[in-house]
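Peer 1: As input, take data_29.csv (CSV, C-alpha atoms):
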chain,number,residue,atom,x,y,z
A,170,MET,CA,-46.3,103.6,153.2
A,171,GLU,CA,-47.3,102.4,156.7
A,172,GLN,CA,-51.1,102.1,157.1
A,173,LYS,CA,-52.7,102.8,160.5
A,174,GLY,CA,-55.4,100.5,161.6
A,175,PRO,CA,-57.5,99.9,164.7
A,176,SER,CA,-55.6,99.6,167.9
A,177,ARG,CA,-55.0,96.0,168.9
A,178,VAL,CA,-54.0,94.4,172.2
A,179,THR,CA,-52.7,90.9,173.0
A,180,PHE,CA,-55.5,88.8,174.4
A,181,TYR,CA,-55.2,85.4,176.0
A,182,VAL,CA,-57.7,83.1,174.2
A,183,TRP,CA,-56.7,79.5,174.2
A,184,GLN,CA,-55.9,78.0,177.5
A,185,LEU,CA,-53.2,75.3,177.9
A,186,PRO,CA,-55.6,72.3,178.0
A,187,VAL,CA,-57.2,73.4,174.7
A,188,ARG,CA,-53.8,73.8,173.1
A,189,LEU,CA,-52.7,70.4,174.3
A,190,PHE,CA,-55.8,68.8,173.0
A,191,HIS,CA,-55.4,70.5,169.6
A,192,TRP,CA,-51.9,69.2,169.0
A,193,ILE,CA,-52.4,65.7,170.5
A,194,ASN,CA,-55.6,65.4,168.4
A,195,ALA,CA,-53.8,66.6,165.3
A,196,LEU,CA,-50.9,64.1,165.8
A,197,CYS,CA,-53.4,61.2,166.4
A,198,ILE,CA,-55.4,62.1,163.2
A,199,VAL,CA,-52.2,62.1,161.1
A,200,LEU,CA,-51.1,58.8,162.5
A,201,LEU,CA,-54.5,57.3,162.2
A,202,ILE,CA,-54.9,58.4,158.6
A,203,ILE,CA,-51.5,57.1,157.5
A,204,THR,CA,-51.8,53.8,159.3
A,205,GLY,CA,-55.5,53.4,158.5
A,206,TYR,CA,-54.8,53.8,154.8
A,207,LEU,CA,-52.0,51.2,155.0
A,208,ILE,CA,-54.3,48.8,156.8
A,209,GLY,CA,-56.9,49.2,154.1
A,210,ASN,CA,-54.4,49.1,151.3
A,211,PRO,CA,-51.4,47.1,152.6
A,212,VAL,CA,-48.1,47.4,150.7
A,213,ALA,CA,-46.1,44.3,149.9
A,214,LEU,CA,-42.5,44.8,150.9
A,215,GLN,CA,-40.1,42.7,148.9
A,216,ASN,CA,-36.9,41.7,150.8
A,217,SER,CA,-34.8,38.7,151.6
A,218,GLN,CA,-35.7,38.8,155.3
A,219,GLU,CA,-37.4,35.8,156.9
A,220,ALA,CA,-41.1,36.2,157.3
A,221,HIS,CA,-41.0,35.8,161.1
A,222,MET,CA,-38.4,38.7,161.3
A,223,GLY,CA,-40.5,41.2,159.3
A,224,HIS,CA,-43.4,42.4,161.3
A,225,TRP,CA,-44.0,45.8,159.7
A,226,PHE,CA,-47.7,45.4,159.3
A,227,GLY,CA,-48.1,44.4,162.9
A,228,THR,CA,-46.2,47.6,163.8
A,229,VAL,CA,-48.6,49.6,161.6
A,230,ARG,CA,-51.6,48.1,163.4
A,231,LEU,CA,-50.0,48.7,166.8
A,232,ILE,CA,-49.5,52.4,166.0
A,233,HIS,CA,-53.0,52.6,164.7
A,234,PHE,CA,-54.5,51.1,167.8
A,235,ALA,CA,-52.3,53.0,170.2
A,236,ALA,CA,-53.2,56.3,168.5
A,237,ALA,CA,-56.9,55.3,168.6
A,238,TYR,CA,-56.7,54.9,172.4
A,239,VAL,CA,-55.0,58.3,172.8
A,240,PHE,CA,-57.6,59.8,170.4
A,241,LEU,CA,-60.4,58.4,172.6
A,242,PHE,CA,-59.0,59.7,175.8
A,243,ALA,CA,-58.2,63.1,174.3
A,244,TRP,CA,-61.8,63.5,173.2
A,245,ILE,CA,-63.1,62.5,176.7
A,246,TYR,CA,-60.7,65.1,178.1
A,247,ARG,CA,-61.9,67.8,175.7
A,248,ILE,CA,-65.6,67.1,176.4
A,249,ILE,CA,-65.0,67.4,180.1
A,250,TYR,CA,-63.0,70.6,179.6
A,251,ALA,CA,-65.9,72.0,177.5
A,252,PHE,CA,-67.7,72.4,180.8
A,253,MET,CA,-64.7,73.8,182.7
A,254,GLY,CA,-62.8,76.1,180.4
A,255,ASN,CA,-63.1,79.7,179.6
A,256,GLN,CA,-65.8,81.2,177.4
A,257,TYR,CA,-63.9,80.3,174.2
A,258,ALA,CA,-63.5,76.6,175.2
A,259,ARG,CA,-67.1,75.9,176.3
A,260,TRP,CA,-69.5,73.7,174.5
A,261,THR,CA,-72.0,76.5,173.8
A,262,ASN,CA,-69.6,78.0,171.2
A,263,TYR,CA,-70.0,75.0,169.0
A,264,LEU,CA,-73.8,75.1,168.7
A,265,PRO,CA,-75.3,77.9,166.4
A,266,LEU,CA,-77.9,79.1,168.9
A,267,SER,CA,-77.9,82.8,168.4
A,268,GLN,CA,-78.7,85.2,165.6
A,269,LYS,CA,-75.2,86.8,166.1
A,270,GLN,CA,-73.6,83.5,165.4
A,271,TRP,CA,-75.6,83.1,162.1
A,272,ASP,CA,-74.8,86.6,161.1
A,273,GLU,CA,-71.1,85.9,161.6
A,274,PHE,CA,-71.5,82.7,159.7
A,275,LYS,CA,-72.5,84.7,156.6
A,276,ASP,CA,-69.6,87.1,157.1
A,277,VAL,CA,-67.1,84.2,157.2
A,278,ILE,CA,-68.6,82.6,154.1
A,279,ALA,CA,-68.3,86.0,152.3
A,280,ILE,CA,-64.6,86.1,153.2
A,281,ASP,CA,-63.7,82.5,152.7
A,282,ILE,CA,-65.7,81.8,149.5
A,283,PHE,CA,-66.2,85.2,147.8
A,284,MET,CA,-63.1,86.9,149.1
A,285,MET,CA,-65.1,89.9,150.3
A,286,VAL,CA,-62.3,90.9,152.7
A,287,GLU,CA,-62.8,94.6,152.7
A,288,GLU,CA,-66.6,94.5,153.1
A,289,ARG,CA,-66.8,92.0,155.9
A,290,LYS,CA,-64.8,91.6,159.2
A,291,ILE,CA,-64.9,88.9,161.8
A,292,HIS,CA,-64.9,90.0,165.4
A,293,SER,CA,-64.9,86.9,167.5
A,294,PRO,CA,-61.7,86.6,169.6
A,295,GLY,CA,-62.1,82.8,169.6
A,296,HIS,CA,-63.3,80.5,166.8
A,297,ASN,CA,-65.6,82.1,164.3
A,298,SER,CA,-69.1,80.5,163.7
A,299,VAL,CA,-68.1,78.5,160.6
A,300,ALA,CA,-65.1,77.1,162.5
A,301,CYS,CA,-67.2,76.2,165.4
A,302,LEU,CA,-69.8,74.4,163.3
A,303,SER,CA,-67.0,72.5,161.4
A,304,TYR,CA,-65.5,71.4,164.7
A,305,LEU,CA,-69.0,70.1,165.8
A,306,PHE,CA,-69.0,67.9,162.6
A,307,LEU,CA,-65.4,66.9,163.4
A,308,GLY,CA,-66.5,65.8,166.8
A,309,LEU,CA,-69.5,63.8,165.5
A,310,ALA,CA,-67.2,62.1,162.9
A,311,SER,CA,-64.7,61.4,165.6
A,312,VAL,CA,-67.4,59.7,167.7
A,313,PHE,CA,-68.3,57.5,164.7
A,314,GLN,CA,-64.7,56.6,164.1
A,315,ILE,CA,-64.1,55.7,167.7
A,316,ALA,CA,-67.2,53.6,167.9
A,317,SER,CA,-66.7,51.8,164.6
A,318,GLY,CA,-62.9,51.4,165.1
A,319,PHE,CA,-63.2,49.9,168.6
A,320,GLY,CA,-66.2,47.8,167.4
A,321,LEU,CA,-63.8,46.2,164.8
A,322,LEU,CA,-61.1,45.8,167.4
A,323,ALA,CA,-63.3,44.2,170.1
A,324,PRO,CA,-63.1,40.5,168.8
A,325,MET,CA,-59.3,40.8,168.9
A,326,SER,CA,-59.0,42.7,172.2
A,327,GLU,CA,-59.2,41.6,175.8
A,328,TRP,CA,-59.6,45.1,177.2
A,329,TRP,CA,-63.0,46.2,178.4
A,330,ILE,CA,-62.9,49.5,176.6
A,331,ALA,CA,-63.2,47.8,173.1
A,332,ASP,CA,-66.0,45.6,174.5
A,333,LEU,CA,-68.1,48.8,175.1
A,334,PHE,CA,-68.5,49.1,171.3
A,335,THR,CA,-69.5,45.6,170.3
A,336,TRP,CA,-73.0,46.8,169.6
A,337,ILE,CA,-72.0,48.7,166.4
A,338,VAL,CA,-71.2,45.7,164.3
A,339,PRO,CA,-74.6,44.0,164.6
A,340,MET,CA,-76.3,47.4,164.3
A,341,MET,CA,-74.5,48.1,161.0
A,342,ASP,CA,-75.2,44.5,159.8
A,343,GLY,CA,-71.7,43.1,159.9
A,344,ASP,CA,-68.1,44.0,160.2
A,345,THR,CA,-67.7,44.4,156.4
A,346,ASN,CA,-70.1,47.4,156.4
A,347,VAL,CA,-68.4,48.8,159.5
A,348,ARG,CA,-65.0,48.5,157.9
A,349,PHE,CA,-66.2,50.2,154.7
A,350,TRP,CA,-67.8,53.2,156.5
A,351,HIS,CA,-64.8,53.5,158.9
A,352,HIS,CA,-62.4,53.6,156.0
A,353,LEU,CA,-64.7,56.0,154.0
A,354,MET,CA,-64.9,58.4,156.9
A,355,MET,CA,-61.1,58.5,157.0
A,356,TRP,CA,-61.3,60.6,153.8
A,357,PHE,CA,-63.5,63.2,155.7
A,358,PHE,CA,-60.5,63.7,158.0
A,359,VAL,CA,-58.1,64.0,155.1
A,360,ILE,CA,-60.3,66.6,153.4
A,361,PHE,CA,-61.0,68.4,156.8
A,362,THR,CA,-57.2,68.6,157.5
A,363,MET,CA,-56.4,70.1,154.2
A,364,VAL,CA,-59.2,72.7,154.3
A,365,HIS,CA,-58.4,73.5,158.0
A,366,VAL,CA,-54.7,74.2,157.3
A,367,TYR,CA,-55.6,76.4,154.3
A,368,ILE,CA,-58.3,78.3,156.1
A,369,VAL,CA,-56.2,79.0,159.2
A,370,ALA,CA,-53.3,80.3,157.0
A,371,PHE,CA,-55.8,82.4,155.0
A,372,HIS,CA,-57.3,84.0,158.0
A,373,ASP,CA,-53.9,84.5,159.6
A,374,TYR,CA,-53.0,86.5,156.5
A,375,VAL,CA,-56.3,88.4,156.1
A,376,GLU,CA,-57.0,89.2,159.8
A,377,ALA,CA,-53.3,89.4,161.0
A,378,ARG,CA,-54.5,88.3,164.5
A,379,GLY,CA,-52.0,85.5,165.1
A,380,THR,CA,-54.4,82.7,164.4
A,381,THR,CA,-51.6,80.1,163.9
A,382,SER,CA,-49.3,81.2,166.7
A,383,SER,CA,-52.3,81.5,169.2
A,384,MET,CA,-52.6,77.7,169.2
A,385,ILE,CA,-49.0,77.6,170.4
A,386,GLY,CA,-48.9,80.4,173.0
A,387,GLY,CA,-52.6,81.0,173.5
A,388,TRP,CA,-52.5,84.8,172.7
A,389,LYS,CA,-54.2,86.6,169.8
A,390,PHE,CA,-54.0,90.2,168.6
A,391,VAL,CA,-57.5,91.5,169.1
A,392,GLU,CA,-59.1,94.9,168.4
A,393,GLU,CA,-60.1,96.6,171.7
A,394,LYS,CA,-63.7,97.2,170.5
A,395,ASP,CA,-64.2,93.4,170.1
A,396,LEU,CA,-63.3,92.8,173.7
A,397,GLN,CA,-66.2,95.1,174.7
A,398,LYS,CA,-68.8,93.0,172.9
For the file at hand, write its structure as structure tokens.

Peer 2:
Amino acid sequence: MEQKGPSRVTFYVWQLPVRLFHWINALCIVLLIITGYLIGNPVALQNSQEAHMGHWFGTVRLIHFAAAYVFLFAWIYRIIYAFMGNQYARWTNYLPLSQKQWDEFKDVIAIDIFMMVEERKIHSPGHNSVACLSYLFLGLASVFQIASGFGLLAPMSEWWIADLFTWIVPMMDGDTNVRFWHHLMMWFFVIFTMVHVYIVAFHDYVEARGTTSSMIGGWKFVEEKDLQK
């Protein structure tokens, strides 16, 4: 039996720069996690090839460093766009400043943790309050990874960008500590990625608003009453 629900309209939420950042950032995170894990736990490849002909670990490091530079510039690009984009891209979304945001925070927790789908609904056309707060933590973790990663790279690099982060090694009392925390923080990104994929799929199913496809085309299915708020 077909069930009738509230009328919905297609609504353009995510602008192209936001979507580009999302997928570039996602690709960088995947590459950085894989190569970072291999750098911290290198695998011995047994073959008959001469040592000077096998440079797989150097390739792993090259991919890691290249992805790190793209990751850095992508975040600079996103921070700038946080002051230029539409209301769903702006930096104010990512700070819980209003009572409305905290009320929605409780609604999202009720749905995600306690599965109270029927009793609670989320009305934000863009990111909900929990997502925004989690992206704030993701941003802070990214800043730490950028600073600590380039701090470790600085002694081996001749480019001025890495030299901007030489301060972090003495501040953290040596590169051993920096390397430890840099590697440990990698697991935050692993856990974040798994939870993010699950939550997006869950909300896509529960809300039926095109959450996943919206990060490809930019459009969501939104109830008309939510656009008036």

Peer 1: Quick one: everything within 9 Å of Leu307 in chain A, counting all atoms listed in the file, minus sequence neighbours fewer than 3 positions away in the same chain. Send it as JSON, numbers by chain.

Peer 2: {"A": [302, 303, 304, 310, 311, 312, 357, 358, 361]}

Peer 1: Go ahead and write the selection's residues with C-alpha atoms as a PDB file, in the frame of the given file.

Peer 2:
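Output file part-v8.pdb is given in full below:
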ATOM      1  CA  LEU A 302     -69.800  74.400 163.300  1.00  0.00           C
ATOM      2  CA  SER A 303     -67.000  72.500 161.400  1.00  0.00           C
ATOM      3  CA  TYR A 304     -65.500  71.400 164.700  1.00  0.00           C
ATOM      4  CA  ALA A 310     -67.200  62.100 162.900  1.00  0.00           C
ATOM      5  CA  SER A 311     -64.700  61.400 165.600  1.00  0.00           C
ATOM      6  CA  VAL A 312     -67.400  59.700 167.700  1.00  0.00           C
ATOM      7  CA  PHE A 357     -63.500  63.200 155.700  1.00  0.00           C
ATOM      8  CA  PHE A 358     -60.500  63.700 158.000  1.00  0.00           C
ATOM      9  CA  PHE A 361     -61.000  68.400 156.800  1.00  0.00           C
TER      10      PHE A 361
END

Peer 1: Excluding same-chain residues fewer than 4 positions from Phe313 in chain A, what lies within 10 Å of it counting all atoms listed in the file, as a ChimeraX atom specification?

Peer 2: /A:307-309,317-319,337,350-351,354

Peer 1: Using all atoms listed in the file, which of the listed residues (A:Ala195, A:Leu189, A:Val182, A:Ala331) sits closest to Ala258 in chain A?

Peer 2: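 Looking at the shortest contact to Ala258 in chain A, the residue is A:Val182.
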
Peer 1: Please compute the CA of Thr380 in chain A-CA of Val364 in chain A distance, one decimal, in Å.

Peer 2: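 If I compute the distance from CA of Thr380 in chain A to CA of Val364 in chain A, I get 15.0 Å.
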
Peer 1: Rounded to one decimal, what separation in Å do you get between CA of His352 in chain A and CA of Ile202 in chain A?

Peer 2: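 Taking CA of His352 in chain A and CA of Ile202 in chain A, their separation equals 9.3 Å.
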